[in-house]
Amino acid sequence: MSSSSASSVSSALAPYGWDEAWAGAFAPYEAEGLLPGRVVRVDRGQCDVVTAGGMLRADTAFVTPHDPLRVVCTGDWVAVEPGGNPRYVRTCLPRRTAFVRSTSSQRSEGQILAANVDHAVIAVSLALELDLGRIERFLALSWESGAQPVVVLTKADLVPDAVTLAHLVQDVETTAPGVPVVPVSSHDGDGLDVLGAIVGWGTSVLLGQSGAGKSTLANALLGEDVMDVRATRDVDGKGRHTTTTRNLLALPGGGVLIDTPGLRGVGLWDAETGVGQVFSEIEELAERCRFHDCAHEAEPGCAVLAAIDSGELPQRRLESYRKLLRENQRIVAKTDARLRAEIRKDWKRKGAMGRAAMEAKRGAHWRS
């Protein structure tokens, strides 16, 4: 590729996140005459790819591995054929980050929602009571993906009392240590400047339940009504799936936004590191426990339980931490034979300890 051609590609694709590192990763495919592009939408084995020459429709048949985490996804950078009918995506460039959740199927497969993401924007509607456990679940997946999470409290205009709104923000900040929490009203524009500054560089994926106001928020950031918006139900604040596919859009002020369909289920997928990041205060406390393998249940010298007794740590946080760790362990165990064996071994050890304790108790009873 000539220097003028490279410059043309760079200027055309820069709004979608193209940089020198991506150009270097694509270099081996230049000699084959392939075109670089970014996937903006995937639908039934085909995808829309933005290239320096415009938008192309391409088939993904050449890149459909058995591993569902390697299928072509919105946000991927790809090498695509310059012509042909049909035209094919030949390969995906190595991903920098990937947002993955587990599917609801019995096979416990992972599902990739977006690739090469810098920010995970978690939209939470203030039209409903805050579900802190669900926020923690989204945060764990976000941290695990390699993206920086941001919690956006949408429909802030529905909470006109400033003191009440401040308390809600504080509740989420406690749940999301180290994460920006931004109350936003797409209706009157409050908070959009703060959010716009955060998502004004890199790629952001917009996540949340149906009815959280994601499409309205996307339109506000885009400055025009690109995404369809439907009214939520008054009875429960939920909405229908306005967005049915994942769409990648360049923001006018810089940055790229991937809007996603509403997520009913947010299952963890090998997210132990992400869970640890969400509950960093518990893991820091655990380092001060007397026993390195403390389960924080009834062990003497447990710093976590001491923090609960003193009021430093809410009981709800510990219960949520345990729940997400157990869920993640079950998911990983389904695909990791060695871990399954370790879990069975641990169950047997705990069972033997329980039986020994019962025998000792019975012996003491008979001796008395």
# chains A, B, ... in the order shown; residues from 1 in each chain; ligands from 1
call {"tool": "residues_around", "arguments": {"residues": "Trp143 of chain A", "least_positions_apart": "2", "cutoff": "12 Å", "atoms": "only C-alpha atoms", "output": "VMD selection string"}}
result
chain A and resid 97 to 100 117 to 122 136 to 141 145 to 150 176 to 179 268 to 280
call {"tool": "residues_around", "arguments": {"residues": "Asn85 of chain A", "least_positions_apart": "2", "cutoff": "12 Å", "atoms": "only C-alpha atoms", "output": "list in words"}}
result
Leu56, Arg57, Ala58, Asp59, Glu81, Pro82, Gly83, Arg87 and Tyr88 of chain A
call {"tool": "write_last_selection", "arguments": {"atoms": "N, CA and C atoms", "output": "PDB file, in the first residue's frame"}}
result
ATOM      1  N   LEU A  56     -19.559  -1.794   3.180  1.00  0.00           N
ATOM      2  CA  LEU A  56     -19.641  -3.010   2.385  1.00  0.00           C
ATOM      3  C   LEU A  56     -20.464  -4.053   3.120  1.00  0.00           C
ATOM      4  N   ARG A  57     -21.130  -4.899   2.359  1.00  0.00           N
ATOM      5  CA  ARG A  57     -21.838  -6.047   2.916  1.00  0.00           C
ATOM      6  C   ARG A  57     -21.009  -7.282   2.617  1.00  0.00           C
ATOM      7  N   ALA A  58     -20.693  -8.060   3.649  1.00  0.00           N
ATOM      8  CA  ALA A  58     -19.803  -9.213   3.452  1.00  0.00           C
ATOM      9  C   ALA A  58     -20.330 -10.432   4.193  1.00  0.00           C
ATOM     10  N   ASP A  59     -19.975 -11.597   3.666  1.00  0.00           N
ATOM     11  CA  ASP A  59     -20.351 -12.878   4.249  1.00  0.00           C
ATOM     12  C   ASP A  59     -19.263 -13.310   5.229  1.00  0.00           C
ATOM     13  N   GLU A  81     -12.554  -8.957   1.432  1.00  0.00           N
ATOM     14  CA  GLU A  81     -12.254  -8.992  -0.004  1.00  0.00           C
ATOM     15  C   GLU A  81     -12.681  -7.683  -0.673  1.00  0.00           C
ATOM     16  N   PRO A  82     -11.873  -7.213  -1.651  1.00  0.00           N
ATOM     17  CA  PRO A  82     -12.224  -5.962  -2.325  1.00  0.00           C
ATOM     18  C   PRO A  82     -13.397  -6.095  -3.291  1.00  0.00           C
ATOM     19  N   GLY A  83     -13.719  -7.319  -3.701  1.00  0.00           N
ATOM     20  CA  GLY A  83     -14.827  -7.512  -4.630  1.00  0.00           C
ATOM     21  C   GLY A  83     -15.370  -8.920  -4.525  1.00  0.00           C
ATOM     22  N   ARG A  87     -19.178 -11.210  -1.380  1.00  0.00           N
ATOM     23  CA  ARG A  87     -17.903 -10.743  -0.862  1.00  0.00           C
ATOM     24  C   ARG A  87     -17.707 -11.381   0.524  1.00  0.00           C
ATOM     25  N   TYR A  88     -16.454 -11.753   0.880  1.00  0.00           N
ATOM     26  CA  TYR A  88     -16.221 -12.462   2.137  1.00  0.00           C
ATOM     27  C   TYR A  88     -15.261 -11.712   3.060  1.00  0.00           C
TER      28      TYR A  88
END
call {"tool": "closest_atom_pairs", "arguments": {"of": "segment 309-330 of chain A", "to": "segment 167-174 of chain A", "cutoff": "12 Å", "atoms": "only C-alpha atoms", "output": "JSON lines"}}
result
{"residue": "A:Glu312", "atom": "CA", "partner": "A:Thr174", "partner_atom": "CA", "distance": 11.6}
{"residue": "A:Leu313", "atom": "CA", "partner": "A:Thr174", "partner_atom": "CA", "distance": 10.3}
{"residue": "A:Pro314", "atom": "CA", "partner": "A:Thr174", "partner_atom": "CA", "distance": 10.1}
{"residue": "A:Arg316", "atom": "CA", "partner": "A:Thr174", "partner_atom": "CA", "distance": 11.8}
{"residue": "A:Arg317", "atom": "CA", "partner": "A:Thr174", "partner_atom": "CA", "distance": 9.8}
call {"tool": "closest_atom_pairs", "arguments": {"of": "segment 55-136 of chain A", "to": "segment 16-37 of chain A", "cutoff": "8 Å", "atoms": "only C-alpha atoms", "output": "tab-separated table"}}
result
residue	atom	partner	partner_atom	distance
A:Trp77	CA	A:Gly37	CA	5.7
A:Val78	CA	A:Gly37	CA	5.5
A:Ala79	CA	A:Pro36	CA	4.9
A:Val80	CA	A:Leu35	CA	5.2
A:Glu81	CA	A:Leu34	CA	5.1
A:Pro82	CA	A:Leu34	CA	6.0
A:Leu93	CA	A:Ala25	CA	6.7
A:Pro94	CA	A:Ala25	CA	7.9
call {"tool": "write_last_selection", "arguments": {"atoms": "all heavy atoms", "output": "short mmCIF file (atom, residue, chain, number, x, y, z; two decimals), in the first residue's frame"}}
result
data_model
loop_
_atom_site.label_atom_id
_atom_site.label_comp_id
_atom_site.auth_asym_id
_atom_site.auth_seq_id
_atom_site.Cartn_x
_atom_site.Cartn_y
_atom_site.Cartn_z
N TRP A 77 -12.18 -5.60 13.92
CA TRP A 77 -11.47 -5.11 12.74
C TRP A 77 -11.17 -6.33 11.89
O TRP A 77 -10.69 -7.35 12.39
CB TRP A 77 -10.18 -4.39 13.13
CG TRP A 77 -10.41 -3.02 13.68
CD1 TRP A 77 -10.45 -2.66 14.99
CD2 TRP A 77 -10.64 -1.83 12.92
NE1 TRP A 77 -10.69 -1.31 15.11
CE2 TRP A 77 -10.81 -0.77 13.85
CE3 TRP A 77 -10.73 -1.55 11.56
CZ2 TRP A 77 -11.06 0.54 13.46
CZ3 TRP A 77 -10.97 -0.23 11.17
CH2 TRP A 77 -11.13 0.79 12.11
N VAL A 78 -11.48 -6.24 10.60
CA VAL A 78 -11.40 -7.40 9.73
C VAL A 78 -10.66 -7.08 8.44
O VAL A 78 -10.47 -5.91 8.08
CB VAL A 78 -12.81 -7.93 9.38
CG1 VAL A 78 -13.54 -8.40 10.63
CG2 VAL A 78 -13.63 -6.86 8.64
N ALA A 79 -10.25 -8.15 7.75
CA ALA A 79 -9.71 -8.05 6.40
C ALA A 79 -10.77 -8.61 5.46
O ALA A 79 -11.19 -9.77 5.59
CB ALA A 79 -8.41 -8.86 6.28
N VAL A 80 -11.24 -7.78 4.54
CA VAL A 80 -12.36 -8.16 3.69
C VAL A 80 -11.95 -8.11 2.22
O VAL A 80 -11.08 -7.32 1.82
CB VAL A 80 -13.57 -7.22 3.96
CG1 VAL A 80 -13.25 -5.78 3.57
CG2 VAL A 80 -14.82 -7.70 3.25
N GLU A 81 -12.55 -8.96 1.43
CA GLU A 81 -12.25 -8.99 0.00
C GLU A 81 -12.68 -7.68 -0.67
O GLU A 81 -13.72 -7.13 -0.33
CB GLU A 81 -12.97 -10.16 -0.66
CG GLU A 81 -12.48 -11.53 -0.21
CD GLU A 81 -13.29 -12.67 -0.81
OE1 GLU A 81 -14.41 -12.40 -1.31
OE2 GLU A 81 -12.80 -13.81 -0.78
N PRO A 82 -11.87 -7.21 -1.65
CA PRO A 82 -12.22 -5.96 -2.33
C PRO A 82 -13.40 -6.09 -3.29
O PRO A 82 -14.00 -5.09 -3.69
CB PRO A 82 -10.94 -5.60 -3.08
CG PRO A 82 -10.26 -6.91 -3.31
CD PRO A 82 -10.58 -7.75 -2.11
N LEU A 93 -8.80 -9.36 12.87
CA LEU A 93 -7.56 -9.01 13.53
C LEU A 93 -7.68 -9.34 15.02
O LEU A 93 -8.78 -9.35 15.58
CB LEU A 93 -7.27 -7.51 13.35
CG LEU A 93 -7.13 -7.01 11.91
CD1 LEU A 93 -6.68 -5.56 11.90
CD2 LEU A 93 -6.18 -7.87 11.10
N PRO A 94 -6.55 -9.67 15.68
CA PRO A 94 -6.60 -10.02 17.11
C PRO A 94 -7.28 -8.93 17.93
O PRO A 94 -6.98 -7.74 17.78
CB PRO A 94 -5.12 -10.17 17.48
CG PRO A 94 -4.44 -10.54 16.21
CD PRO A 94 -5.18 -9.77 15.13
#
call {"tool": "closest_residue", "arguments": {"among": "A:Pro252, A:Gly301, A:Val184, A:Gly211", "to": "Glu224 of chain A", "atoms": "only C-alpha atoms"}}
result
A:Pro252
call {"tool": "select_by_dssp", "arguments": {"residues": "segment 72-121 of chain A", "states": "strand (DSSP E or B)", "output": "number ranges by chain"}}
result
A: 77-80, 88-92, 98-102, 110-115, 119-121
call {"tool": "residues_around", "arguments": {"residues": "Lys155 of chain A", "least_positions_apart": "4", "cutoff": "12 Å", "atoms": "only C-alpha atoms", "output": "PDB file with C-alpha atoms, in the first residue's frame"}}
result
ATOM      1  CA  ALA A 123     -27.361   2.148  31.739  1.00  0.00           C
ATOM      2  CA  VAL A 124     -29.556   1.888  34.862  1.00  0.00           C
ATOM      3  CA  SER A 125     -33.011   3.473  34.888  1.00  0.00           C
ATOM      4  CA  LEU A 126     -34.027   5.585  37.875  1.00  0.00           C
ATOM      5  CA  ALA A 127     -37.667   4.891  36.946  1.00  0.00           C
ATOM      6  CA  LEU A 128     -37.294   1.656  38.920  1.00  0.00           C
ATOM      7  CA  VAL A 159     -35.951  12.166  40.631  1.00  0.00           C
ATOM      8  CA  PRO A 160     -36.423  15.940  40.984  1.00  0.00           C
ATOM      9  CA  LEU A 165     -30.670  11.807  43.718  1.00  0.00           C
ATOM     10  CA  VAL A 182     -23.116   9.732  36.078  1.00  0.00           C
ATOM     11  CA  PRO A 183     -26.789  10.722  36.522  1.00  0.00           C
ATOM     12  CA  VAL A 184     -28.155  11.721  33.118  1.00  0.00           C
ATOM     13  CA  SER A 185     -31.419  13.042  31.741  1.00  0.00           C
ATOM     14  CA  SER A 186     -31.768  12.680  27.995  1.00  0.00           C
ATOM     15  CA  HIS A 187     -34.979  14.707  28.356  1.00  0.00           C
ATOM     16  CA  ASP A 188     -33.360  17.932  29.606  1.00  0.00           C
ATOM     17  CA  GLY A 189     -29.706  17.207  28.791  1.00  0.00           C
ATOM     18  CA  ASP A 190     -28.367  17.119  32.358  1.00  0.00           C
ATOM     19  CA  GLY A 191     -25.179  15.062  32.646  1.00  0.00           C
ATOM     20  CA  LEU A 192     -24.742  14.538  28.897  1.00  0.00           C
ATOM     21  CA  GLY A 211     -36.441   0.104  29.111  1.00  0.00           C
ATOM     22  CA  ALA A 212     -33.232   1.521  30.602  1.00  0.00           C
ATOM     23  CA  GLY A 213     -33.254   4.307  28.013  1.00  0.00           C
ATOM     24  CA  LYS A 214     -30.228   3.130  26.017  1.00  0.00           C
ATOM     25  CA  THR A 216     -32.703   7.519  23.850  1.00  0.00           C
ATOM     26  CA  LEU A 217     -29.264   8.000  25.389  1.00  0.00           C
ATOM     27  CA  THR A 232     -41.779   1.837  28.439  1.00  0.00           C
ATOM     28  CA  GLY A 237     -40.855   0.553  33.689  1.00  0.00           C
TER      29      GLY A 237
END
call {"tool": "decode", "arguments": {"residues": "segment 299-328 of chain A", "atoms": "N, CA, C and O atoms", "output": "PDB file, in the first residue's frame"}}
result
ATOM      1  N   GLU A 299     -15.006 -18.648  60.652  1.00  0.00           N
ATOM      2  CA  GLU A 299     -13.622 -18.865  61.065  1.00  0.00           C
ATOM      3  C   GLU A 299     -13.175 -17.793  62.070  1.00  0.00           C
ATOM      4  O   GLU A 299     -13.550 -16.621  61.948  1.00  0.00           O
ATOM      5  N   PRO A 300     -12.370 -18.202  63.054  1.00  0.00           N
ATOM      6  CA  PRO A 300     -11.820 -17.209  63.989  1.00  0.00           C
ATOM      7  C   PRO A 300     -10.807 -16.312  63.277  1.00  0.00           C
ATOM      8  O   PRO A 300     -10.124 -16.744  62.356  1.00  0.00           O
ATOM      9  N   GLY A 301     -10.771 -15.053  63.671  1.00  0.00           N
ATOM     10  CA  GLY A 301      -9.812 -14.131  63.078  1.00  0.00           C
ATOM     11  C   GLY A 301     -10.163 -13.705  61.668  1.00  0.00           C
ATOM     12  O   GLY A 301      -9.285 -13.274  60.914  1.00  0.00           O
ATOM     13  N   CYS A 302     -11.451 -13.788  61.314  1.00  0.00           N
ATOM     14  CA  CYS A 302     -11.869 -13.391  59.961  1.00  0.00           C
ATOM     15  C   CYS A 302     -12.062 -11.874  59.914  1.00  0.00           C
ATOM     16  O   CYS A 302     -12.955 -11.331  60.574  1.00  0.00           O
ATOM     17  N   ALA A 303     -11.257 -11.205  59.121  1.00  0.00           N
ATOM     18  CA  ALA A 303     -11.331  -9.752  59.022  1.00  0.00           C
ATOM     19  C   ALA A 303     -12.591  -9.296  58.298  1.00  0.00           C
ATOM     20  O   ALA A 303     -13.107  -8.203  58.554  1.00  0.00           O
ATOM     21  N   VAL A 304     -13.112 -10.134  57.397  1.00  0.00           N
ATOM     22  CA  VAL A 304     -14.318  -9.785  56.654  1.00  0.00           C
ATOM     23  C   VAL A 304     -15.528  -9.768  57.584  1.00  0.00           C
ATOM     24  O   VAL A 304     -16.329  -8.820  57.576  1.00  0.00           O
ATOM     25  N   LEU A 305     -15.666 -10.816  58.397  1.00  0.00           N
ATOM     26  CA  LEU A 305     -16.784 -10.869  59.341  1.00  0.00           C
ATOM     27  C   LEU A 305     -16.668  -9.769  60.385  1.00  0.00           C
ATOM     28  O   LEU A 305     -17.680  -9.205  60.833  1.00  0.00           O
ATOM     29  N   ALA A 306     -15.436  -9.438  60.785  1.00  0.00           N
ATOM     30  CA  ALA A 306     -15.232  -8.355  61.737  1.00  0.00           C
ATOM     31  C   ALA A 306     -15.695  -7.023  61.157  1.00  0.00           C
ATOM     32  O   ALA A 306     -16.277  -6.182  61.857  1.00  0.00           O
ATOM     33  N   ALA A 307     -15.474  -6.839  59.834  1.00  0.00           N
ATOM     34  CA  ALA A 307     -15.898  -5.607  59.172  1.00  0.00           C
ATOM     35  C   ALA A 307     -17.419  -5.526  59.107  1.00  0.00           C
ATOM     36  O   ALA A 307     -17.995  -4.439  59.196  1.00  0.00           O
ATOM     37  N   ILE A 308     -18.079  -6.679  58.962  1.00  0.00           N
ATOM     38  CA  ILE A 308     -19.545  -6.692  58.972  1.00  0.00           C
ATOM     39  C   ILE A 308     -20.063  -6.353  60.365  1.00  0.00           C
ATOM     40  O   ILE A 308     -20.998  -5.556  60.523  1.00  0.00           O
ATOM     41  N   ASP A 309     -19.451  -6.941  61.389  1.00  0.00           N
ATOM     42  CA  ASP A 309     -19.873  -6.674  62.768  1.00  0.00           C
ATOM     43  C   ASP A 309     -19.709  -5.201  63.139  1.00  0.00           C
ATOM     44  O   ASP A 309     -20.523  -4.639  63.883  1.00  0.00           O
ATOM     45  N   SER A 310     -18.684  -4.556  62.594  1.00  0.00           N
ATOM     46  CA  SER A 310     -18.425  -3.157  62.929  1.00  0.00           C
ATOM     47  C   SER A 310     -19.246  -2.194  62.073  1.00  0.00           C
ATOM     48  O   SER A 310     -19.271  -0.993  62.338  1.00  0.00           O
ATOM     49  N   GLY A 311     -19.902  -2.736  61.042  1.00  0.00           N
ATOM     50  CA  GLY A 311     -20.677  -1.885  60.149  1.00  0.00           C
ATOM     51  C   GLY A 311     -19.880  -1.325  58.987  1.00  0.00           C
ATOM     52  O   GLY A 311     -20.417  -0.594  58.140  1.00  0.00           O
ATOM     53  N   GLU A 312     -18.598  -1.672  58.920  1.00  0.00           N
ATOM     54  CA  GLU A 312     -17.754  -1.182  57.827  1.00  0.00           C
ATOM     55  C   GLU A 312     -18.160  -1.785  56.488  1.00  0.00           C
ATOM     56  O   GLU A 312     -18.089  -1.131  55.451  1.00  0.00           O
ATOM     57  N   LEU A 313     -18.609  -3.056  56.510  1.00  0.00           N
ATOM     58  CA  LEU A 313     -18.981  -3.769  55.291  1.00  0.00           C
ATOM     59  C   LEU A 313     -20.437  -4.216  55.386  1.00  0.00           C
ATOM     60  O   LEU A 313     -20.811  -4.914  56.333  1.00  0.00           O
ATOM     61  N   PRO A 314     -21.294  -3.861  54.427  1.00  0.00           N
ATOM     62  CA  PRO A 314     -22.686  -4.311  54.454  1.00  0.00           C
ATOM     63  C   PRO A 314     -22.781  -5.814  54.208  1.00  0.00           C
ATOM     64  O   PRO A 314     -22.060  -6.369  53.379  1.00  0.00           O
ATOM     65  N   GLN A 315     -23.680  -6.458  54.932  1.00  0.00           N
ATOM     66  CA  GLN A 315     -23.902  -7.888  54.775  1.00  0.00           C
ATOM     67  C   GLN A 315     -24.300  -8.215  53.336  1.00  0.00           C
ATOM     68  O   GLN A 315     -23.906  -9.252  52.780  1.00  0.00           O
ATOM     69  N   ARG A 316     -25.078  -7.318  52.706  1.00  0.00           N
ATOM     70  CA  ARG A 316     -25.518  -7.559  51.332  1.00  0.00           C
ATOM     71  C   ARG A 316     -24.340  -7.712  50.376  1.00  0.00           C
ATOM     72  O   ARG A 316     -24.370  -8.528  49.463  1.00  0.00           O
ATOM     73  N   ARG A 317     -23.284  -6.938  50.590  1.00  0.00           N
ATOM     74  CA  ARG A 317     -22.117  -7.008  49.710  1.00  0.00           C
ATOM     75  C   ARG A 317     -21.448  -8.377  49.799  1.00  0.00           C
ATOM     76  O   ARG A 317     -21.066  -8.966  48.781  1.00  0.00           O
ATOM     77  N   LEU A 318     -21.310  -8.892  51.006  1.00  0.00           N
ATOM     78  CA  LEU A 318     -20.676 -10.203  51.164  1.00  0.00           C
ATOM     79  C   LEU A 318     -21.523 -11.296  50.533  1.00  0.00           C
ATOM     80  O   LEU A 318     -21.001 -12.196  49.858  1.00  0.00           O
ATOM     81  N   GLU A 319     -22.838 -11.227  50.713  1.00  0.00           N
ATOM     82  CA  GLU A 319     -23.722 -12.238  50.125  1.00  0.00           C
ATOM     83  C   GLU A 319     -23.661 -12.185  48.598  1.00  0.00           C
ATOM     84  O   GLU A 319     -23.644 -13.226  47.931  1.00  0.00           O
ATOM     85  N   SER A 320     -23.629 -10.990  48.040  1.00  0.00           N
ATOM     86  CA  SER A 320     -23.547 -10.846  46.589  1.00  0.00           C
ATOM     87  C   SER A 320     -22.210 -11.371  46.072  1.00  0.00           C
ATOM     88  O   SER A 320     -22.139 -12.026  45.035  1.00  0.00           O
ATOM     89  N   TYR A 321     -21.150 -11.093  46.799  1.00  0.00           N
ATOM     90  CA  TYR A 321     -19.801 -11.573  46.448  1.00  0.00           C
ATOM     91  C   TYR A 321     -19.771 -13.096  46.400  1.00  0.00           C
ATOM     92  O   TYR A 321     -19.286 -13.700  45.435  1.00  0.00           O
ATOM     93  N   ARG A 322     -20.314 -13.720  47.438  1.00  0.00           N
ATOM     94  CA  ARG A 322     -20.350 -15.186  47.483  1.00  0.00           C
ATOM     95  C   ARG A 322     -21.165 -15.750  46.321  1.00  0.00           C
ATOM     96  O   ARG A 322     -20.779 -16.728  45.676  1.00  0.00           O
ATOM     97  N   LYS A 323     -22.315 -15.134  46.060  1.00  0.00           N
ATOM     98  CA  LYS A 323     -23.207 -15.614  45.000  1.00  0.00           C
ATOM     99  C   LYS A 323     -22.512 -15.578  43.641  1.00  0.00           C
ATOM    100  O   LYS A 323     -22.561 -16.553  42.877  1.00  0.00           O
ATOM    101  N   LEU A 324     -21.854 -14.467  43.322  1.00  0.00           N
ATOM    102  CA  LEU A 324     -21.214 -14.342  42.018  1.00  0.00           C
ATOM    103  C   LEU A 324     -20.005 -15.269  41.904  1.00  0.00           C
ATOM    104  O   LEU A 324     -19.754 -15.834  40.832  1.00  0.00           O
ATOM    105  N   LEU A 325     -19.267 -15.454  42.975  1.00  0.00           N
ATOM    106  CA  LEU A 325     -18.139 -16.390  42.939  1.00  0.00           C
ATOM    107  C   LEU A 325     -18.621 -17.816  42.696  1.00  0.00           C
ATOM    108  O   LEU A 325     -18.025 -18.560  41.913  1.00  0.00           O
ATOM    109  N   ARG A 326     -19.707 -18.219  43.386  1.00  0.00           N
ATOM    110  CA  ARG A 326     -20.255 -19.573  43.202  1.00  0.00           C
ATOM    111  C   ARG A 326     -20.737 -19.757  41.764  1.00  0.00           C
ATOM    112  O   ARG A 326     -20.484 -20.790  41.137  1.00  0.00           O
ATOM    113  N   GLU A 327     -21.454 -18.761  41.244  1.00  0.00           N
ATOM    114  CA  GLU A 327     -21.961 -18.858  39.881  1.00  0.00           C
ATOM    115  C   GLU A 327     -20.816 -18.972  38.884  1.00  0.00           C
ATOM    116  O   GLU A 327     -20.843 -19.796  37.975  1.00  0.00           O
ATOM    117  N   ASN A 328     -19.804 -18.156  39.071  1.00  0.00           N
ATOM    118  CA  ASN A 328     -18.667 -18.190  38.151  1.00  0.00           C
ATOM    119  C   ASN A 328     -17.948 -19.531  38.232  1.00  0.00           C
ATOM    120  O   ASN A 328     -17.521 -20.080  37.214  1.00  0.00           O
TER     121      ASN A 328
END
